[in-house]
Each structure stands twice: as C-alpha cells, then as structure tokens.
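Asks: Take a look at upload_22.txt, compact mmCIF, C-alpha atoms and all ligand atoms:
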# COMPACT_ATOMS: atom_id res chain seq x y z
CA MET A 1 14.74 -112.21 2.94
CA ALA A 2 11.98 -111.88 0.33
CA LEU A 3 13.19 -109.84 -2.61
CA LEU A 4 10.03 -109.77 -4.67
CA GLN A 5 6.42 -110.58 -4.02
CA ASP A 6 3.24 -110.64 -6.05
CA MET A 7 -0.31 -111.95 -5.79
CA ALA A 8 -1.88 -114.70 -7.85
CA HIS A 9 -5.47 -113.55 -8.10
CA ALA A 10 -8.50 -115.79 -8.54
CA LYS A 11 -9.82 -115.96 -12.11
CA ILE A 12 -13.57 -116.03 -12.55
CA ASN A 13 -15.25 -117.01 -15.81
CA LEU A 14 -18.36 -114.78 -15.87
CA PHE A 15 -19.52 -116.94 -18.77
CA LEU A 16 -17.93 -119.88 -20.52
CA HIS A 17 -19.06 -121.18 -23.89
CA VAL A 18 -17.52 -124.28 -25.40
CA THR A 19 -17.62 -123.59 -29.12
CA GLY A 20 -15.81 -126.58 -30.62
CA ARG A 21 -13.26 -129.33 -30.16
CA ARG A 22 -9.81 -129.59 -31.72
CA ASP A 23 -8.39 -132.83 -33.08
CA ASP A 24 -6.06 -133.03 -30.05
CA GLY A 25 -9.10 -133.10 -27.73
CA TYR A 26 -8.73 -129.54 -26.43
CA HIS A 27 -11.90 -127.47 -26.54
CA LEU A 28 -12.39 -124.10 -28.16
CA LEU A 29 -13.83 -121.57 -25.77
CA ASP A 30 -15.37 -118.14 -25.57
CA SER A 31 -15.23 -116.67 -22.10
CA LEU A 32 -15.14 -113.42 -20.17
CA ALA A 33 -12.62 -113.79 -17.36
CA VAL A 34 -12.29 -111.30 -14.52
CA PHE A 35 -10.05 -111.33 -11.45
CA ALA A 36 -11.04 -110.94 -7.82
CA GLY A 37 -9.08 -109.48 -4.93
CA ALA A 38 -8.76 -113.02 -3.50
CA GLY A 39 -5.49 -114.74 -4.25
CA ASP A 40 -2.39 -116.70 -3.31
CA HIS A 41 0.79 -114.89 -2.28
CA VAL A 42 4.07 -115.75 -3.97
CA THR A 43 7.46 -114.49 -2.83
CA LEU A 44 10.87 -114.89 -4.35
CA SER A 45 14.16 -114.79 -2.44
CA ALA A 46 17.70 -115.14 -3.64
CA THR A 47 19.49 -118.36 -2.73
CA THR A 48 23.07 -119.56 -2.78
CA PRO A 49 24.46 -119.72 -6.32
CA ASP A 50 24.78 -123.50 -6.56
CA ASP A 51 21.27 -124.35 -5.35
CA GLU A 52 18.40 -125.32 -7.61
CA ASP A 53 15.14 -123.34 -7.59
CA SER A 54 13.19 -124.42 -4.52
CA LEU A 55 9.61 -124.05 -3.32
CA THR A 56 7.87 -124.10 0.04
CA VAL A 57 4.10 -124.14 0.34
CA GLN A 58 2.19 -122.79 3.34
CA GLY A 59 -1.23 -121.34 4.03
CA PRO A 60 -4.82 -122.53 4.55
CA PHE A 61 -4.97 -124.63 1.34
CA SER A 62 -1.41 -125.99 1.39
CA GLU A 63 -2.43 -129.40 2.68
CA GLY A 64 -2.06 -132.06 0.01
CA LEU A 65 -0.36 -129.68 -2.39
CA GLU A 66 3.17 -130.94 -2.97
CA ALA A 67 6.02 -128.47 -3.30
CA ASP A 68 7.68 -130.87 -5.75
CA SER A 69 8.69 -130.55 -9.39
CA ASN A 70 5.04 -131.01 -10.50
CA ASN A 71 4.00 -127.83 -8.75
CA LEU A 72 3.11 -125.29 -11.41
CA ILE A 73 5.42 -122.72 -9.77
CA LEU A 74 8.50 -124.89 -10.30
CA LYS A 75 7.23 -125.82 -13.77
CA ALA A 76 7.08 -122.09 -14.55
CA ALA A 77 10.69 -121.67 -13.42
CA ARG A 78 11.77 -124.63 -15.56
CA SER A 79 9.94 -123.32 -18.60
CA LEU A 80 11.77 -119.98 -18.39
CA ARG A 81 15.11 -121.76 -17.92
CA HIS A 82 14.25 -123.84 -20.98
CA GLU A 83 13.45 -120.68 -22.99
CA MET A 84 16.87 -119.31 -21.94
CA GLY A 85 18.61 -122.60 -22.68
CA THR A 86 20.13 -121.66 -26.01
CA THR A 87 21.46 -118.27 -24.93
CA GLY A 88 24.07 -119.69 -22.55
CA ARG A 89 23.15 -117.15 -19.86
CA THR A 90 23.14 -118.57 -16.31
CA LEU A 91 20.10 -117.70 -14.22
CA PRO A 92 20.70 -117.63 -10.45
CA ALA A 93 18.66 -120.11 -8.41
CA THR A 94 15.71 -118.78 -6.45
CA ALA A 95 13.77 -119.80 -3.35
CA LEU A 96 10.05 -119.43 -4.03
CA ARG A 97 7.36 -119.45 -1.36
CA LEU A 98 3.67 -120.00 -1.99
CA GLU A 99 1.05 -119.03 0.56
CA LYS A 100 -2.00 -120.90 -0.67
CA HIS A 101 -5.29 -119.10 0.04
CA LEU A 102 -7.33 -120.35 -2.94
CA PRO A 103 -8.89 -123.83 -2.87
CA VAL A 104 -7.10 -126.29 -5.17
CA ALA A 105 -8.81 -127.64 -8.32
CA SER A 106 -11.72 -125.30 -7.85
CA GLY A 107 -12.38 -123.56 -11.18
CA ILE A 108 -10.78 -120.25 -10.24
CA GLY A 109 -7.42 -121.00 -11.80
CA GLY A 110 -5.40 -121.15 -8.59
CA GLY A 111 -2.55 -123.23 -9.99
CA SER A 112 -2.58 -121.27 -13.24
CA ALA A 113 -2.51 -117.98 -11.31
CA ASP A 114 0.45 -119.26 -9.27
CA ALA A 115 2.32 -120.27 -12.43
CA ALA A 116 1.63 -116.88 -14.02
CA CYS A 117 2.70 -115.10 -10.84
CA ALA A 118 5.97 -117.07 -10.81
CA LEU A 119 6.53 -116.13 -14.46
CA ARG A 120 6.07 -112.44 -13.60
CA LEU A 121 8.38 -112.59 -10.56
CA LEU A 122 11.12 -114.60 -12.27
CA THR A 123 11.01 -112.42 -15.38
CA ARG A 124 11.61 -109.37 -13.16
CA TYR A 125 14.30 -111.05 -11.05
CA TRP A 126 16.19 -112.46 -13.99
CA HIS A 127 15.66 -109.32 -16.14
CA LEU A 128 14.13 -111.34 -18.98
CA PRO A 129 12.15 -109.86 -21.85
CA ALA A 130 8.40 -109.95 -21.09
CA ASP A 131 7.66 -111.94 -24.25
CA MET A 132 9.54 -114.89 -22.74
CA ALA A 133 6.85 -115.22 -20.07
CA THR A 134 4.17 -114.80 -22.75
CA ARG A 135 5.72 -117.68 -24.73
CA ALA A 136 6.10 -119.92 -21.68
CA ALA A 137 2.56 -119.32 -20.33
CA PRO A 138 0.48 -121.52 -22.69
CA THR A 139 2.89 -124.43 -22.23
CA LEU A 140 1.92 -124.50 -18.54
CA GLY A 141 -1.87 -124.62 -18.91
CA ALA A 142 -4.77 -123.15 -20.83
CA ASP A 143 -5.54 -120.60 -18.10
CA VAL A 144 -1.97 -119.40 -17.58
CA PRO A 145 -1.94 -116.77 -20.40
CA VAL A 146 -5.00 -114.97 -19.01
CA CYS A 147 -3.61 -115.20 -15.47
CA LEU A 148 -0.39 -113.59 -16.70
CA VAL A 149 -2.43 -110.56 -17.82
CA GLN A 150 -4.60 -110.67 -14.67
CA LYS A 151 -7.11 -108.18 -16.07
CA ALA A 152 -10.66 -108.58 -17.40
CA THR A 153 -10.18 -110.38 -20.72
CA ARG A 154 -12.13 -112.18 -23.42
CA MET A 155 -10.62 -115.65 -23.87
CA GLU A 156 -11.00 -117.48 -27.16
CA GLY A 157 -9.19 -120.33 -28.91
CA ILE A 158 -8.27 -122.80 -26.19
CA GLY A 159 -7.68 -119.86 -23.87
CA ASP A 160 -4.71 -118.55 -25.85
CA ILE A 161 -6.44 -115.82 -27.89
CA LEU A 162 -6.88 -112.90 -25.52
CA THR A 163 -8.60 -109.55 -26.06
CA PRO A 164 -8.87 -106.94 -23.30
CA ALA A 165 -12.52 -106.79 -22.16
CA PRO A 166 -14.41 -103.56 -22.71
CA SER A 167 -14.93 -101.52 -19.57
CA LEU A 168 -16.81 -103.16 -16.72
CA PRO A 169 -18.83 -101.50 -13.97
CA GLU A 170 -17.61 -101.52 -10.38
CA MET A 171 -19.04 -104.51 -8.55
CA GLY A 172 -18.61 -106.77 -5.59
CA ILE A 173 -18.17 -110.52 -5.84
CA LEU A 174 -18.71 -113.42 -3.50
CA LEU A 175 -16.87 -116.67 -4.23
CA VAL A 176 -18.07 -119.89 -2.63
CA ASN A 177 -16.53 -123.35 -2.77
CA PRO A 178 -18.24 -126.28 -1.07
CA GLY A 179 -14.97 -128.14 -0.40
CA VAL A 180 -15.05 -130.61 -3.27
CA SER A 181 -12.18 -130.58 -5.73
CA VAL A 182 -13.12 -130.98 -9.37
CA SER A 183 -10.68 -132.17 -12.00
CA THR A 184 -10.94 -129.99 -15.13
CA PRO A 185 -10.25 -132.89 -17.58
CA SER A 186 -13.07 -134.95 -16.04
CA ILE A 187 -15.62 -132.17 -16.69
CA PHE A 188 -14.45 -131.66 -20.29
CA ARG A 189 -14.67 -135.46 -20.74
CA ARG A 190 -18.28 -135.42 -19.48
CA LEU A 191 -19.11 -132.64 -21.92
CA ALA A 192 -17.44 -134.49 -24.82
CA ALA A 193 -19.25 -137.73 -23.90
CA THR A 194 -22.62 -136.03 -24.30
CA GLY A 195 -21.52 -134.51 -27.62
CA GLY A 196 -22.66 -131.38 -25.85
CA ILE A 197 -21.34 -128.48 -27.90
CA THR A 198 -24.08 -125.89 -28.21
CA VAL A 199 -24.09 -124.12 -31.56
CA ARG A 200 -24.75 -120.42 -31.06
CA PRO A 201 -24.51 -117.31 -33.18
CA SER A 202 -21.20 -115.56 -32.53
CA LEU A 203 -21.32 -113.28 -29.54
CA SER A 204 -20.34 -109.64 -29.77
CA PHE A 205 -19.21 -107.61 -26.81
CA PRO A 206 -20.40 -103.96 -26.70
CA GLU A 207 -17.47 -101.81 -27.79
CA ALA A 208 -18.22 -99.19 -25.16
CA GLY A 209 -18.41 -101.87 -22.47
CA TRP A 210 -21.04 -102.16 -19.78
CA PRO A 211 -21.60 -98.85 -17.98
CA THR A 212 -23.71 -100.39 -15.19
CA LEU A 213 -24.06 -103.72 -13.46
CA ASP A 214 -27.58 -103.92 -14.92
CA ALA A 215 -26.10 -103.74 -18.42
CA LEU A 216 -23.48 -106.39 -17.64
CA ILE A 217 -26.07 -108.70 -16.11
CA ALA A 218 -28.41 -108.27 -19.10
CA PHE A 219 -25.48 -109.41 -21.26
CA LEU A 220 -24.55 -112.31 -18.95
CA ARG A 221 -28.16 -113.54 -19.06
CA THR A 222 -27.66 -114.20 -22.78
CA THR A 223 -24.70 -116.47 -21.92
CA GLU A 224 -24.03 -119.65 -19.93
CA ASN A 225 -21.31 -121.70 -18.38
CA ASP A 226 -21.48 -124.79 -20.58
CA LEU A 227 -19.48 -126.79 -18.04
CA GLN A 228 -21.90 -126.09 -15.18
CA PRO A 229 -24.44 -128.90 -15.82
CA HIS A 230 -21.60 -131.43 -16.20
CA ALA A 231 -19.93 -130.28 -12.99
CA ILE A 232 -23.29 -130.48 -11.15
CA ALA A 233 -23.81 -134.01 -12.51
CA GLN A 234 -20.44 -134.97 -10.98
CA GLU A 235 -20.81 -132.92 -7.77
CA PRO A 236 -24.49 -132.24 -6.99
CA VAL A 237 -23.52 -130.00 -4.05
CA ILE A 238 -22.73 -127.30 -6.65
CA ALA A 239 -26.49 -126.99 -7.26
CA THR A 240 -26.96 -126.42 -3.52
CA VAL A 241 -24.32 -123.67 -3.60
CA LEU A 242 -26.11 -122.00 -6.50
CA GLU A 243 -29.46 -122.19 -4.68
CA GLN A 244 -27.90 -120.60 -1.59
CA LEU A 245 -26.29 -117.83 -3.65
CA ALA A 246 -29.52 -117.02 -5.50
CA ALA A 247 -31.30 -116.58 -2.15
CA LEU A 248 -28.79 -114.10 -0.66
CA PRO A 249 -29.85 -110.54 0.14
CA ASP A 250 -29.03 -108.02 -2.63
CA VAL A 251 -27.60 -110.70 -4.95
CA ARG A 252 -27.70 -109.61 -8.59
CA PHE A 253 -26.40 -112.65 -10.49
CA SER A 254 -24.87 -116.06 -9.73
CA ARG A 255 -23.18 -118.83 -11.67
CA MET A 256 -20.34 -121.41 -11.51
CA SER A 257 -16.81 -120.43 -12.60
CA GLY A 258 -14.63 -122.52 -14.94
CA SER A 259 -15.01 -126.25 -14.42
CA GLY A 260 -16.19 -125.75 -10.82
CA ALA A 261 -16.85 -126.23 -8.06
CA THR A 262 -16.44 -122.56 -7.08
CA CYS A 263 -19.52 -120.45 -7.77
CA PHE A 264 -19.73 -116.67 -7.75
CA ALA A 265 -22.38 -114.07 -7.02
CA LEU A 266 -22.28 -110.44 -8.16
CA PHE A 267 -23.37 -107.46 -6.07
CA ASP A 268 -23.57 -103.69 -6.51
CA SER A 269 -20.58 -103.23 -4.21
CA ALA A 270 -17.90 -105.12 -2.29
CA GLU A 271 -19.70 -104.09 0.94
CA LYS A 272 -22.95 -105.75 -0.20
CA ALA A 273 -20.97 -108.87 -1.15
CA ALA A 274 -19.39 -108.93 2.34
CA GLU A 275 -22.81 -108.51 3.98
CA ALA A 276 -24.18 -111.41 1.92
CA ALA A 277 -21.14 -113.50 2.91
CA ARG A 278 -21.97 -112.94 6.58
CA HIS A 279 -25.55 -114.02 5.88
CA LEU A 280 -24.33 -117.14 4.05
CA ALA A 281 -21.97 -118.09 6.88
CA ARG A 282 -24.98 -118.29 9.22
CA GLN A 283 -26.67 -120.95 7.04
CA ASP A 284 -26.25 -124.56 8.18
CA ALA A 285 -25.59 -125.82 4.65
CA ALA A 286 -22.69 -123.41 4.23
CA ARG A 287 -20.97 -124.04 7.54
CA ASP A 288 -17.95 -125.82 6.05
CA TRP A 289 -17.80 -123.95 2.77
CA TRP A 290 -14.94 -121.64 1.80
CA HIS A 291 -15.98 -118.15 0.83
CA TRP A 292 -14.42 -114.83 -0.05
CA ALA A 293 -16.14 -111.49 -0.63
CA GLY A 294 -14.66 -108.29 -2.00
CA PRO A 295 -14.02 -106.30 -5.15
CA VAL A 296 -13.50 -107.41 -8.74
CA LEU A 297 -10.11 -106.05 -9.84
CA PRO A 298 -10.37 -103.03 -12.18
C1 LIG B 1 -12.06 -124.35 -17.82
C2 LIG B 1 -11.03 -123.23 -17.81
O1 LIG B 1 -10.63 -122.99 -16.47
C3 LIG B 1 -11.68 -121.95 -18.35
O2 LIG B 1 -10.94 -120.81 -18.07
C4 LIG B 1 -9.82 -123.59 -18.62
O3 LIG B 1 -10.17 -123.87 -19.93
C5 LIG B 1 -9.03 -124.76 -18.04
O4 LIG B 1 -7.72 -124.32 -17.91
P1 LIG B 1 -6.58 -125.20 -17.19
O5 LIG B 1 -7.11 -125.74 -15.91
O6 LIG B 1 -5.36 -124.34 -17.18
O7 LIG B 1 -6.47 -126.37 -18.21
P2 LIG B 1 -5.22 -127.30 -18.59
O8 LIG B 1 -4.50 -127.67 -17.32
O9 LIG B 1 -4.46 -126.68 -19.70
O10 LIG B 1 -6.00 -128.54 -19.16
C6 LIG B 1 -6.56 -129.54 -18.38
C7 LIG B 1 -7.40 -130.40 -19.28
O11 LIG B 1 -8.65 -129.75 -19.55
C8 LIG B 1 -9.07 -129.98 -20.88
N1 LIG B 1 -9.14 -128.70 -21.61
C9 LIG B 1 -8.57 -127.58 -21.09
C10 LIG B 1 -8.67 -126.38 -21.76
C11 LIG B 1 -9.37 -126.36 -22.98
N2 LIG B 1 -9.50 -125.23 -23.69
N3 LIG B 1 -9.92 -127.49 -23.48
C12 LIG B 1 -9.83 -128.65 -22.79
O12 LIG B 1 -10.35 -129.65 -23.24
C13 LIG B 1 -8.04 -130.94 -21.48
O13 LIG B 1 -8.53 -132.23 -21.24
C14 LIG B 1 -6.81 -130.70 -20.63
O14 LIG B 1 -5.99 -131.83 -20.58
N1 LIG B 2 0.57 -124.18 -7.26
C1 LIG B 2 -0.49 -124.97 -7.47
N2 LIG B 2 -1.70 -124.63 -6.96
C2 LIG B 2 -2.79 -125.40 -7.21
N3 LIG B 2 -2.76 -126.54 -7.89
C3 LIG B 2 -1.59 -126.95 -8.41
C4 LIG B 2 -0.41 -126.17 -8.23
N4 LIG B 2 0.58 -126.81 -8.84
C5 LIG B 2 0.06 -127.91 -9.39
N5 LIG B 2 -1.24 -128.01 -9.14
C6 LIG B 2 -2.15 -129.08 -9.62
O1 LIG B 2 -3.00 -128.50 -10.61
C7 LIG B 2 -4.32 -129.05 -10.54
C8 LIG B 2 -5.34 -127.95 -10.88
O2 LIG B 2 -5.36 -127.04 -9.84
P1 LIG B 2 -5.98 -125.58 -9.98
O3 LIG B 2 -6.17 -125.08 -8.59
O4 LIG B 2 -5.21 -124.75 -10.91
O5 LIG B 2 -7.38 -125.93 -10.64
P2 LIG B 2 -8.56 -125.05 -11.09
O6 LIG B 2 -8.83 -124.02 -10.02
O7 LIG B 2 -9.69 -125.97 -11.44
O8 LIG B 2 -8.04 -124.33 -12.34
P3 LIG B 2 -8.80 -123.90 -13.65
O9 LIG B 2 -9.84 -122.90 -13.25
O10 LIG B 2 -7.64 -123.27 -14.38
O11 LIG B 2 -9.34 -125.14 -14.27
C9 LIG B 2 -4.48 -129.60 -9.11
O12 LIG B 2 -4.97 -130.90 -9.19
C10 LIG B 2 -3.08 -129.56 -8.50
O13 LIG B 2 -2.64 -130.82 -8.08
Could you take the file, read its structure, and then write that structure out as structure tokens?
Ligand SMILES: C[C@](O)(CO)[C@H](O)COP(=O)(O)OP(=O)(O)OC[C@H]1O[C@@H](n2ccc(N)nc2=O)[C@H](O)[C@@H]1O
Ligand SMILES: Nc1ncnc2c1ncn2[C@@H]1O[C@H](COP(=O)(O)OP(=O)(O)OP(=O)(O)O)[C@@H](O)[C@H]1O
Replies:
Amino acid sequence: MALLQDMAHAKINLFLHVTGRRDDGYHLLDSLAVFAGAGDHVTLSATTPDDEDSLTVQGPFSEGLEADSNNLILKAARSLRHEMGTTGRTLPATALRLEKHLPVASGIGGGSADAACALRLLTRYWHLPADMATRAAPTLGADVPVCLVQKATRMEGIGDILTPAPSLPEMGILLVNPGVSVSTPSIFRRLAATGGITVRPSLSFPEAGWPTLDALIAFLRTTENDLQPHAIAQEPVIATVLEQLAALPDVRFSRMSGSGATCFALFDSAEKAAEAARHLARQDAARDWWHWAGPVLP
C-alpha cells in the first residue's frame, strides 16, 4: 500500500542565458524556471526490513527507462543514505514507484523532477532534516535543486544559486515535444564548440514582479534561450514545433525550454492553452507529438 505520494512537475525555462563557463566545463546560467501542472507521479511504500530500496517504472513514457541503479530516483535514495552514513542510524528500505508521464530527455527536467520528488518523499518518510535533501540535490544534477523547490525561481550559478522569482501573472501553458530525445551534454558541447557565450549586461528582475502577462512577455522578449539554436541545429524538427506554436490561436509567446526538444507557448488562461492544444492536435505535422496544456503552478 502506498504510504506517501507526490508529483514531479515539469520545469520550464522561460528564458535561459548561458553567461560563462567554469574550468570543469559546466556552464554558468541565468534562467527563470517555472513549473507546470504536468508531471510524473512518484509513490513510496514500506517494504520488508531486509530489502533494499526498489523501483518500478510504469506509465506512457516508461519504455526504455530502466528502473535500475542509474535511475535518478534510486540515486536520490542512495545520496540520502550516504548523507546519513556517519550517523549510524538505519533507514528502512522503501519500494518506490514512478509513473512516467513526461517525455525523457526533453528539456523539462523530468529525471531531475523525479529525483527531487524522491528526495522530498524519502525525507518525510525517514524523518530527515530538510537540509539533507538540499545538500543531496546538486549532487544528482544541475536541475535537481530547482525541482526540489518546485516554484517559480531565478536560477544562477550552474543552477545551484536560487532566488524566488517575483510574482508572476496567472497564465496557461502548452508544452509540445516532437518525440525526439535530446541529450543535454550534447547541446552544451555544441554551444561550447561555437564559443557561443553572448556577453550581455546583467539582467534585473522587477522587484514587484510582473502584474500582467503583457508585462512578463515584454520582459521575456528582452531574453533568449541560448541553447535553442544549437538544439535546432541538432534536431531541426524543433523549428517546426516553434512555427506551429507561433501560429496557434490566442498564443502570446513561444520558445524552447532547457536544452530541448520540448517547446512551450504561453496563453492568457489554461482554457485558452487547452483550446490551442486541440487546434494543434488537428494539424498533420503534430499528429505524433506529445502535448500538455494547463496552468503554470503558482
Ligand atoms: C539546461 C538545464 O536544463 C537548464 O535548466 C540544466 O542546466 C541542465 O540540467 P541537468 O539536465 O540536471 O544537467 P546535469 O545532468 O547536471 O548535466 C548534464 C551535462 O550538461 C552540461 N551542463 C549542465 C548544467 C550546466 N549548468 N552546465 C553544463 O554544462 C554538462 O556537460 C553536464 O555534464
Ligand atoms: N527517472 C528518470 N526519468 C527520466 N530520465 C532519467 C531518470 N533517471 C535517469 N534518467 C536519465 O536521465 C537523462 C536525462 O533525462 P531527463 O528527462 O531528466 O532530461 P531533460 O528533460 O533534458 O532534463 P533537463 O531539462 O534537466 O536537461 C535521460 O537520458 C535518462 O536516461
């Protein structure tokens, strides 16, 4: 019987600037990440005391995703056990279940969101201090810290310096993935190979936030996703997705998230996003694409 459950929501980078490169090859970023209602479901059940933590994976995007020790959910469990290592406290084994609804390797942080979700669930189940999950998160991936927070956040550093975003307007979002998986390292490698770090003046967020979608969009138009041209060069279908999004009824803004291939479009409401999704689904080009429409989380 499931004891605890939580959702691993999709992370969307409304903009993503690459501002530098560290000696270890990791890139310095500036990004505004928000979370959509779309997400994977993770449940935790108790298991017999002698068992190891286990994982089963189901759901529409489970195919090809191994439930083995490389899965970020089991890595999250190991990282917390490692953090506890020196205290001598025994943590009971758990049976974790992932229902995978987000496309894998798609720029919306699915694996990172799962890892963060597992950290939240295990911290609750094992009654661990919250800062243990905060310490473990960056060891699991650059997007895991922001996914642990799961709220609109400015990401800086390599994704490890987080500041709550100022207030955002209500809006609807449509996420579209054309069914190509994109490896994040390959897109950063493409960017590095072109020496392509754009020097910009530092960006300031309005302290009072963006009271309307118009205000947010005016701000987003001063920004870019620096990974987008490199992802399009690798997967030209992303340009087709962006063309389709820009042509949707009532669309206000569209762009690629993260390292792709998922693109997003913003609307005045979740209802308008859902209406646009129905329109998109009728287009031949989009017949096999994954999409999700709904609210951006507050
Ligand atoms: C593109 C973003 O999704 C934006 O939110 C993230 O920066 C990527 O986060 P992620 O997928 O959790 O990334 P990781 O799994 O930690 O890193 C994958 C690879 O991407 C590159 N990488 C990642 C993050 C970063 N700030 N600089 C990088 O250069 C590195 O080559 C790294 O080996
Ligand atoms: N639970 C998981 N869900 C998805 N991918 C996982 C998981 N565990 C391990 N992985 C591996 O992590 C890699 C990245 O997957 P993920 O879905 O997080 O990419 P992404 O959406 O591009 O993330 P980001 O936006 O953080 O770059 C995949 O190649 C996959 O094999």
Asks: Determine the axis-aligned bounding box of all atoms of ligand LIG 1 (chain B) present in the file, pad each side by 4 Å, and express its centre and edge lengths in Å to one decimal place as lines of an AutoDock Vina configuration file.
Replies:
center_x = -8.3
center_y = -126.5
center_z = -19.8
size_x = 15.6
size_y = 19.4
size_z = 15.8
Asks: Which residue out of A:Asp6, A:Asp114, A:Glu83, A:Asp30 has the minimum interatomic distance to ligand LIG 2 (chain B) when all atoms listed in the file are used?
Replies: A:Asp114
Asks: Any residue with an atom at most 8 Å from ligand LIG 2 (chain B) counts, using all atoms listed in the file. Which are they? Put them as a count of residues only.
Replies: 38
Asks: Env of A:Thr47: 12 Å cut, atoms = all atoms listed in the file, seq-sep filter 4 positions within chain, self excluded. Answer as a PDB file with C-alpha atoms, in the frame of the given file.
Replies:
ATOM      1  CA  MET A   1      14.740-112.210   2.940  1.00  0.00           C
ATOM      2  CA  ALA A   2      11.980-111.880   0.330  1.00  0.00           C
ATOM      3  CA  LEU A   3      13.190-109.840  -2.610  1.00  0.00           C
ATOM      4  CA  ASP A  51      21.270-124.350  -5.350  1.00  0.00           C
ATOM      5  CA  GLU A  52      18.400-125.320  -7.610  1.00  0.00           C
ATOM      6  CA  ASP A  53      15.140-123.340  -7.590  1.00  0.00           C
ATOM      7  CA  SER A  54      13.190-124.420  -4.520  1.00  0.00           C
ATOM      8  CA  LEU A  55       9.610-124.050  -3.320  1.00  0.00           C
ATOM      9  CA  LEU A  91      20.100-117.700 -14.220  1.00  0.00           C
ATOM     10  CA  PRO A  92      20.700-117.630 -10.450  1.00  0.00           C
ATOM     11  CA  ALA A  93      18.660-120.110  -8.410  1.00  0.00           C
ATOM     12  CA  THR A  94      15.710-118.780  -6.450  1.00  0.00           C
ATOM     13  CA  ALA A  95      13.770-119.800  -3.350  1.00  0.00           C
ATOM     14  CA  LEU A  96      10.050-119.430  -4.030  1.00  0.00           C
TER      15      LEU A  96
END
Asks: Quick one, how far is atom CA of A:Asp24 from atom C14 of ligand LIG 1 (chain B)?
Replies: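 That distance, rounded to one decimal, is 9.7 Å.
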Asks: Between A:Ser269, A:Gln58, A:Ser186, A:Thr194, which residue has the minimum interatomic distance to ligand LIG 1 (chain B), considering all atoms listed in the file?
Replies: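 For ligand LIG 1 (chain B), the nearest of the given residues is A:Ser186.
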Asks: Ranking A:Ala130, A:Ala281, A:Leu32, A:Leu14 by minimum distance to A:Gly159 and counting all atoms listed in the file, which one comes first?
Replies: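 Among A:Ala130, A:Ala281, A:Leu32, A:Leu14, it is A:Leu32 that comes nearest to A:Gly159.
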Asks: Could you work out how far atom CA of A:Asp226 lies from atom CA of A:His291, giving the answer in Å with one decimal?
Replies: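 The value is 23.1 Å.
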Asks: Looking at all atoms listed in the file, which of A:Val34, A:Ala274, A:Val57, A:Val296 is the one that sits closest to A:Pro164?
Replies: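 Answer, going by the shortest atom-to-atom distance: A:Val34.
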Asks: Between A:Gly172, A:Met84, A:Cys263, A:Trp292, which is the closest to A:Asp250 once you count all atoms listed in the file?
Replies: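 Using all atoms listed in the file, the shortest distance to A:Asp250 belongs to A:Gly172.
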Asks: Residues near A:Gln244, anyone? I mean within 9 Å using only C-alpha atoms, not counting same-chain ones fewer than 2 positions away, as a list of chain:residue names.
Replies: A:Ala239, A:Thr240, A:Val241, A:Leu242, A:Ala246, A:Ala247, A:Leu248, A:Leu280, A:Gln283, A:Ala285, A:Ala286
Asks: So, counting all atoms listed in the file, which residue among A:Arg89, A:Arg200, A:His127, A:Arg190 is closest to ligand LIG 1 (chain B)?
Replies: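 Ranked by minimum distance to ligand LIG 1 (chain B), first place goes to A:Arg190.
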Asks: To one decimal place in Å, what is the distance between atom CA of A:Gly195 and atom CA of A:Pro229?
Replies: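 Distance between the two atoms: 13.4 Å.
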Asks: Write out as a list in words the residues lying within 9 Å of stretch 203-215 of chain A, counting all atoms listed in the file and excluding same-chain residues fewer than 2 positions away.
Replies: Asp30, Ala165, Pro166, Ser167, Leu168, Pro169, Glu170, Met171, Arg200, Pro201, Ile217, Ala218, Phe219, Leu220, Thr223, Arg252, Leu266, Phe267 and Asp268 of chain A
Asks: Taking the point (-10.7, -132.0, -28.1) as given in the file, collect each protein or nucleic acid residue that comes within 12 Å of it, counting all atoms listed in the file, and present the set as a list in words.
Replies: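 In the file's frame, the residues around the point are Val18, Thr19, Gly20, Arg21, Arg22, Asp23, Asp24, Gly25, Tyr26, His27, Leu28, Leu29, Gly157, Ile158, Pro185, Phe188, Arg189, Arg190, Leu191, Ala192, Ala193, Gly195 and Ile197 of chain A.
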Asks: Compile the contact shell of A:Leu162 as a ChimeraX atom specification: residues with an atom at most 8 Å away, counting all atoms listed in the file, same-chain residues fewer than 3 positions apart removed.
Replies: /A:146,153-156,159
